[in-house]
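Novice: The following block contains the structure, expressed as C-alpha cells.
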Amino acid sequence: MTVVIFGAIIALSLFVAFMASRGKDVLQIEEYLVGGRSFSGMLLFFLAVGEIYSIGTMVGLPGGIYAEGAAYGVWFLGYIVLAYPVGYFLGPLMWRAGKRYGAMTVPDVFKGHYRSRVLEVVAAVSALVFLIPWGQLQFTGLQVALGALGFEISPSVAVMIAAVIAFAYIVVSGVRAPANVSILKDILLFGAIVIVGVAAASAAGGVGNVFERAGEANPATLSVGGGEAMTFALTTIVFQALGFYVTPLTVPFLFTGRSEGTVRRTLIPMPLYMLMFPFLVIAAYYAIGASPNLEEPNAALFVTAVEVLPGWLLGLVAGAAALSGLLVLAGLSLVVGAVVSRNFAPNMPGSSQRRLVQVVVALYLILSAGLTILAPTLMLALVNTAYYGFTQFLPAFVGVFFVRRFTATGIAVGLIVGDVSVLALYGLGVSLGGVNIGLVALLINFAVVFAVSAATKGTASLSPIAASRQPGNPPTEGSTP
Amino acid sequence: MRYFNPWSVVVGLVVPFLAVVGGVAVLGRSQALVLGMPVAFLWIFVWFLLTSVCLAVSWYVFDSRYYEDEEDDR
C-alpha cells in the first residue's frame with residue numbers, strides 16, 4: 001500500500017510536469033528559464049515555497065534537532081522567518097534589475113549592471129562552486145528518506161531513478177514544470193508533516209509529554225544554551241537571513257513573477273507556510289525521547305513516522321519527501337544549466353541556448369548522481385560552506401541596488417576574497433568564539449569592495465536600481481519616466 | 001513616492017528582526033516549557049504569524065500605493 005500511494009504521487013507529478021507548458025512557446029529561452037516573467041502571485045508563491053523547502057527540511061532539520069536540540073532548531077527557523085522581511089524589501093528590486101537587464105541568472109544581473117565580462121565569469125564560477133554539491137545533498141536526503149521508510153531499493157538505483165525524473169520534469173516544460181509540480185508538493189509536504197506531528201503528539205499523550213520525555217533523555221536539548229552556542233545562533237540568524245534572497249538559487253525564481261508589485265505582495269504570506277514547523281519540531285523531539293541512540297540522526301522524522309503512522313500514510317510521507325528532493329533537484333539543475341550556457345558561453349541565440357541548457361542539466365545530474373554513489377563524503381565540506389559562500393553575493397547586489405561608486409573590479413575582488421576567506425576559515429577550523437564564519441568573511445568582502453572601488457575607476461556612472469522605477473505593467477498613460 | 005517608506009521599514013523589517021533575535025537571546029537560555037514547548041521555540045512559532053502580520057501592515061498601510069499603476073492580478 002505504501003508503494004502504491006508513493007508511485008501514484010510520482011506519476012501524478014510527472015503528468016503535471018508534462019502538461020505544464022501546454023500552449024506556451026518554450027523554445028523561447030526567457031519562457032523556458034523564467035516563465036516569460038509572467039507568473040501570477042499564486043504560482044510564484046508555490047514555486048518559491050517549493051524551491052525553499054527541500055528534502056533538507058525533512059532530513060537535515062529533524063536530524064539537527066535530534067543531535068543538538070534547540071541549539072540547532074532555533075537558528076534554523078529564526079533565519080528563515082527573517083529572510084522573508086529581507087525578501088519583501090530586496091526581492092522587488094531584484095525583479096526590477098532582472099527586467100531591466102533581461103537577466104535570467106545572478107551573473108546576468110552583474111553583467112548587465114557593471115558591464116564587465118570578468119565579473120560575470122567570477123560570479124558564475126563562485127555560484128557553481130557552491131551549487132554543485134547542493135544536488136548531492138538532495139540525492140543523499142532521498143536515500144535517507146526512502147531507506148528509513150522501508151523501501152527495499154538499492155541506494156544507487158534510487159539515485160539514478162531520481163536523476164531521470166528530475167530531468168524529465170525540466171526537459172519539456174522548463175521552469176513551468178517545477179512551478180506546477182510545486183503546488184502538489186507544497187500541499188503534500190505541509191500535510192505530511194502535520195500528520196506526523198499530530199500522530200506523534202497523540203502517541204505520547206500530548207505535546208507537553210513529547211518535550212518532557214526528550215528533556216528526561218537529554219535536558220540540554222530544551223534550550224539554546226549560552227556562550228558560543230548562543231553567539232553562533234544569533235550571528236547565523238542574521239547572516240543567513242541577509243543572504244537568503246541573494247543566492248543564485250532563489251533569485252532566478254523571483255524573476256518569474258509578472259511584476260514588481262507581484263513579487264512584493266507574494267512575500268507577505270510566506271511566513272505562514274512555516275506553520276508546518278511546529279509539527280516537525282514535535283516529531284523530531286518525539287524521536288529524542290522514544291528512539292535514543294539512532295545510528296542515522298538524519299532519519300529522525302522518518303523513524304517517528306514509521307512508529308506512529310499506518311502504512312498508507314507512510315506512502316504519503318514518502319511521496320512528500322521524494323517530491324521535495326526531486327523538485328529542488330530540478331530547479332537547481334535548471335539554474336546550473338542557465339549559468340553555464342548563458343555566462344560561460346555567451347552570445348548564443350536563444351534556441352541553441354535552450355538545447356545547451358538541456359545538455360548541461362543532464363550532465364549535471366549524471367555528475368552529482370555519480371558523486372553521490374561513488375564518493376558520498378567527498379563534497380560534504382562544500383555543502384556545509386554553501387550558505388557561507390552564497391551570501392558573499394550581498395555586496396554585489398548592494399552595489400546594484402544602492403551604491404553608485406562600487407566598481408566591477410571592486411566587486412569581483414571582494415567576491416573572490418570573500419569565497420576564499422570562507423573556505424580557509426572552514427578548512428582550517430578557525431574558531432571565532434562562535435561567531436558565524438560566513439559573517440566574518442562577508443565583512444572582509446565589504447571592506448575589500450570599498451577599498452578596491454575607491455582605488456579603481458568605474459566604466460561609467462552606474463544608476464542604482466533603487467533610484468528609479470519604470471512605470472508599472474502595463475505602462476500607464478501619461479506617466480513620465 | 002519612495003521605494004523605502006521609513007515607517008514601512010520599521011514595521012516590516014526592524015520589528016521582526018528585533019523580536020526574533022532579541023527573543024532568542026533572552027529566551028534561548030531557558031529550559032522552561034510554556035504550553036508544553038521550549039519557550040524559545042514557542043516564541044519563534046508565534047513570529048511565523050506576526051511576521052506575516054507586520055508585512056501585511058507594511059504593504060496595506062504604506063507600500064501598496066507605490067504600485068498603483070500595476071494591473072491587479074489576484
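In the C-alpha cells, chains take the letters A, B, ... in the order shown, each chain's residues start at 1, and ligands count up from 1 in the order shown.
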Tell me, counting only C-alpha atoms, for each residue of region 196-269 of chain A within 8 Å of region 43-60 of chain B, which pair of atoms is nearest and how far apart they are in Å to one decimal, in rows ordered by chain and increasing number, as a Markdown table.

Specialist:
| residue | atom | partner | partner_atom | distance |
| --- | --- | --- | --- | --- |
| A:Arg265 | CA | B:Trp59 | CA | 7.4 |
| A:Ile268 | CA | B:Leu55 | CA | 5.4 |
| A:Pro269 | CA | B:Ser52 | CA | 5.6 |

Novice: For the residues in that selection, give me N, CA and C atoms as a CSV table (one decimal), in the first residue's frame.

Specialist:
chain,number,residue,atom,x,y,z
A,265,ARG,N,4.0,41.5,-3.0
A,265,ARG,CA,2.8,41.0,-2.4
A,265,ARG,C,2.9,39.6,-2.0
A,268,ILE,N,4.4,38.4,1.4
A,268,ILE,CA,3.7,38.7,2.7
A,268,ILE,C,3.2,37.4,3.3
A,269,PRO,N,2.5,36.5,2.6
A,269,PRO,CA,2.0,35.3,3.3
A,269,PRO,C,3.1,34.2,3.5

Novice: Select, as a compact mmCIF listing (two decimals) with C-alpha atoms, in the first residue's frame, those residues of chain A with any atom no more than 7 Å from chain B (distances computed using only C-alpha atoms).

Specialist:
# COMPACT_ATOMS: atom_id res chain seq x y z
CA SER A 40 0.80 35.21 -11.08
CA VAL A 74 16.15 27.83 16.82
CA GLY A 78 14.89 32.02 13.03
CA VAL A 81 11.38 33.58 9.13
CA LEU A 82 13.58 36.72 8.97
CA PRO A 85 11.13 40.56 5.59
CA VAL A 86 14.50 40.93 3.85
CA VAL A 207 2.60 17.90 23.25
CA GLY A 208 3.90 18.51 26.77
CA PHE A 211 9.14 17.60 25.26
CA LEU A 222 15.43 22.09 25.54
CA SER A 223 17.45 25.31 25.32
CA VAL A 224 19.91 27.02 23.00
CA GLY A 225 22.26 27.44 25.94
CA GLY A 226 24.69 30.29 26.49
CA LEU A 234 22.38 34.85 16.84
CA GLY A 261 4.39 44.52 -7.04
CA ILE A 268 3.65 38.69 2.67
CA PRO A 269 2.02 35.28 3.34
CA PRO A 271 5.99 33.06 6.78
CA LEU A 272 2.58 31.43 7.25
CA MET A 274 6.22 27.89 8.22
CA LEU A 275 3.32 26.96 10.50
CA PRO A 278 5.88 23.25 15.00
CA GLY A 472 4.12 49.56 -13.91
CA ASN A 473 2.94 46.72 -16.02
CA PRO A 474 1.37 47.65 -18.41
CA THR A 476 0.00 53.80 -17.63

Novice: In region 101-263 of chain A, what's alpha helix (DSSP H) per DSSP? Answer as an NGL selection string?

Specialist: :A and (101 or 106-114 or 117-148 or 155-173 or 176-204 or 207-217 or 227-243 or 251-254 or 260-263)

Novice: Could you name the residues that touch Leu93 (chain A) at 9 Å or less, counting only C-alpha atoms, but leaving out those on the same chain fewer than 3 positions away, as a VMD selection string?

Specialist: chain A and resid 89 to 90 96 to 98 260 401 465 to 466

Novice: Could you save the residues just selected, with all heavy atoms, as an mmCIF file, in the first residue's frame?

Specialist:
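Output file part_11.cif is given in full below:
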data_model
loop_
_atom_site.group_PDB
_atom_site.id
_atom_site.type_symbol
_atom_site.label_atom_id
_atom_site.label_comp_id
_atom_site.auth_asym_id
_atom_site.auth_seq_id
_atom_site.Cartn_x
_atom_site.Cartn_y
_atom_site.Cartn_z
ATOM 1 N N PHE A 89 11.758 43.523 1.043
ATOM 2 C CA PHE A 89 12.373 44.790 0.653
ATOM 3 C C PHE A 89 13.382 44.639 -0.496
ATOM 4 O O PHE A 89 13.539 45.561 -1.293
ATOM 5 C CB PHE A 89 13.037 45.459 1.867
ATOM 6 C CG PHE A 89 12.031 46.009 2.836
ATOM 7 C CD1 PHE A 89 11.683 45.296 3.976
ATOM 8 C CD2 PHE A 89 11.396 47.220 2.597
ATOM 9 C CE1 PHE A 89 10.726 45.778 4.863
ATOM 10 C CE2 PHE A 89 10.442 47.717 3.472
ATOM 11 C CZ PHE A 89 10.108 46.994 4.610
ATOM 12 N N LEU A 90 14.073 43.502 -0.579
ATOM 13 C CA LEU A 90 15.071 43.344 -1.655
ATOM 14 C C LEU A 90 14.516 42.641 -2.888
ATOM 15 O O LEU A 90 14.940 42.920 -4.010
ATOM 16 C CB LEU A 90 16.298 42.569 -1.141
ATOM 17 C CG LEU A 90 17.160 43.251 -0.084
ATOM 18 C CD1 LEU A 90 18.444 42.459 0.119
ATOM 19 C CD2 LEU A 90 17.490 44.690 -0.468
ATOM 20 N N ARG A 96 13.187 44.028 -10.490
ATOM 21 C CA ARG A 96 13.367 45.219 -11.315
ATOM 22 C C ARG A 96 14.689 45.139 -12.083
ATOM 23 O O ARG A 96 14.753 45.429 -13.285
ATOM 24 C CB ARG A 96 13.356 46.471 -10.425
ATOM 25 C CG ARG A 96 13.270 47.760 -11.179
ATOM 26 C CD ARG A 96 13.492 48.944 -10.263
ATOM 27 N NE ARG A 96 12.448 49.087 -9.234
ATOM 28 C CZ ARG A 96 12.452 50.060 -8.329
ATOM 29 N NH1 ARG A 96 13.416 50.982 -8.335
ATOM 30 N NH2 ARG A 96 11.501 50.131 -7.418
ATOM 31 N N ALA A 97 15.750 44.713 -11.381
ATOM 32 C CA ALA A 97 17.054 44.573 -12.035
ATOM 33 C C ALA A 97 16.984 43.491 -13.122
ATOM 34 O O ALA A 97 17.522 43.661 -14.221
ATOM 35 C CB ALA A 97 18.128 44.214 -11.006
ATOM 36 N N GLY A 98 16.294 42.386 -12.826
ATOM 37 C CA GLY A 98 16.161 41.309 -13.803
ATOM 38 C C GLY A 98 15.464 41.780 -15.061
ATOM 39 O O GLY A 98 15.890 41.475 -16.185
ATOM 40 N N GLU A 260 6.769 43.775 -10.416
ATOM 41 C CA GLU A 260 7.475 44.069 -9.172
ATOM 42 C C GLU A 260 6.545 43.996 -7.968
ATOM 43 O O GLU A 260 6.887 43.422 -6.929
ATOM 44 C CB GLU A 260 8.081 45.467 -9.302
ATOM 45 C CG GLU A 260 9.065 45.806 -8.224
ATOM 46 C CD GLU A 260 9.625 47.214 -8.407
ATOM 47 O OE1 GLU A 260 10.003 47.566 -9.545
ATOM 48 O OE2 GLU A 260 9.655 47.956 -7.407
ATOM 49 N N PHE A 401 21.794 47.777 -6.294
ATOM 50 C CA PHE A 401 20.580 48.438 -5.823
ATOM 51 C C PHE A 401 20.803 49.883 -5.388
ATOM 52 O O PHE A 401 19.994 50.757 -5.654
ATOM 53 C CB PHE A 401 19.970 47.668 -4.636
ATOM 54 C CG PHE A 401 19.521 46.282 -4.968
ATOM 55 C CD1 PHE A 401 19.444 45.319 -3.974
ATOM 56 C CD2 PHE A 401 19.167 45.933 -6.269
ATOM 57 C CE1 PHE A 401 19.021 44.030 -4.271
ATOM 58 C CE2 PHE A 401 18.753 44.657 -6.575
ATOM 59 C CZ PHE A 401 18.686 43.697 -5.569
ATOM 60 N N ILE A 465 19.609 50.659 -9.003
ATOM 61 C CA ILE A 465 18.271 50.155 -9.329
ATOM 62 C C ILE A 465 17.195 50.771 -8.436
ATOM 63 O O ILE A 465 16.089 51.054 -8.877
ATOM 64 C CB ILE A 465 18.257 48.619 -9.194
ATOM 65 C CG1 ILE A 465 19.044 47.983 -10.347
ATOM 66 C CG2 ILE A 465 16.850 48.072 -9.168
ATOM 67 C CD1 ILE A 465 18.381 48.093 -11.691
ATOM 68 N N ALA A 466 17.530 51.004 -7.170
ATOM 69 C CA ALA A 466 16.509 51.503 -6.244
ATOM 70 C C ALA A 466 16.140 52.955 -6.536
ATOM 71 O O ALA A 466 15.116 53.445 -6.082
ATOM 72 C CB ALA A 466 16.989 51.369 -4.798
#

Novice: Have a look at CA of Leu77 (chain A) and CA of Thr250 (chain A) and let me know their distance in Å, one decimal.

Specialist: 17.5 Å

Novice: Measure the distance from CA of Gly35 (chain A) to CA of Thr256 (chain A) in Å and round it to one decimal.

Specialist: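 Straight-line distance from CA of Gly35 (chain A) to CA of Thr256 (chain A) works out to 5.5 Å.
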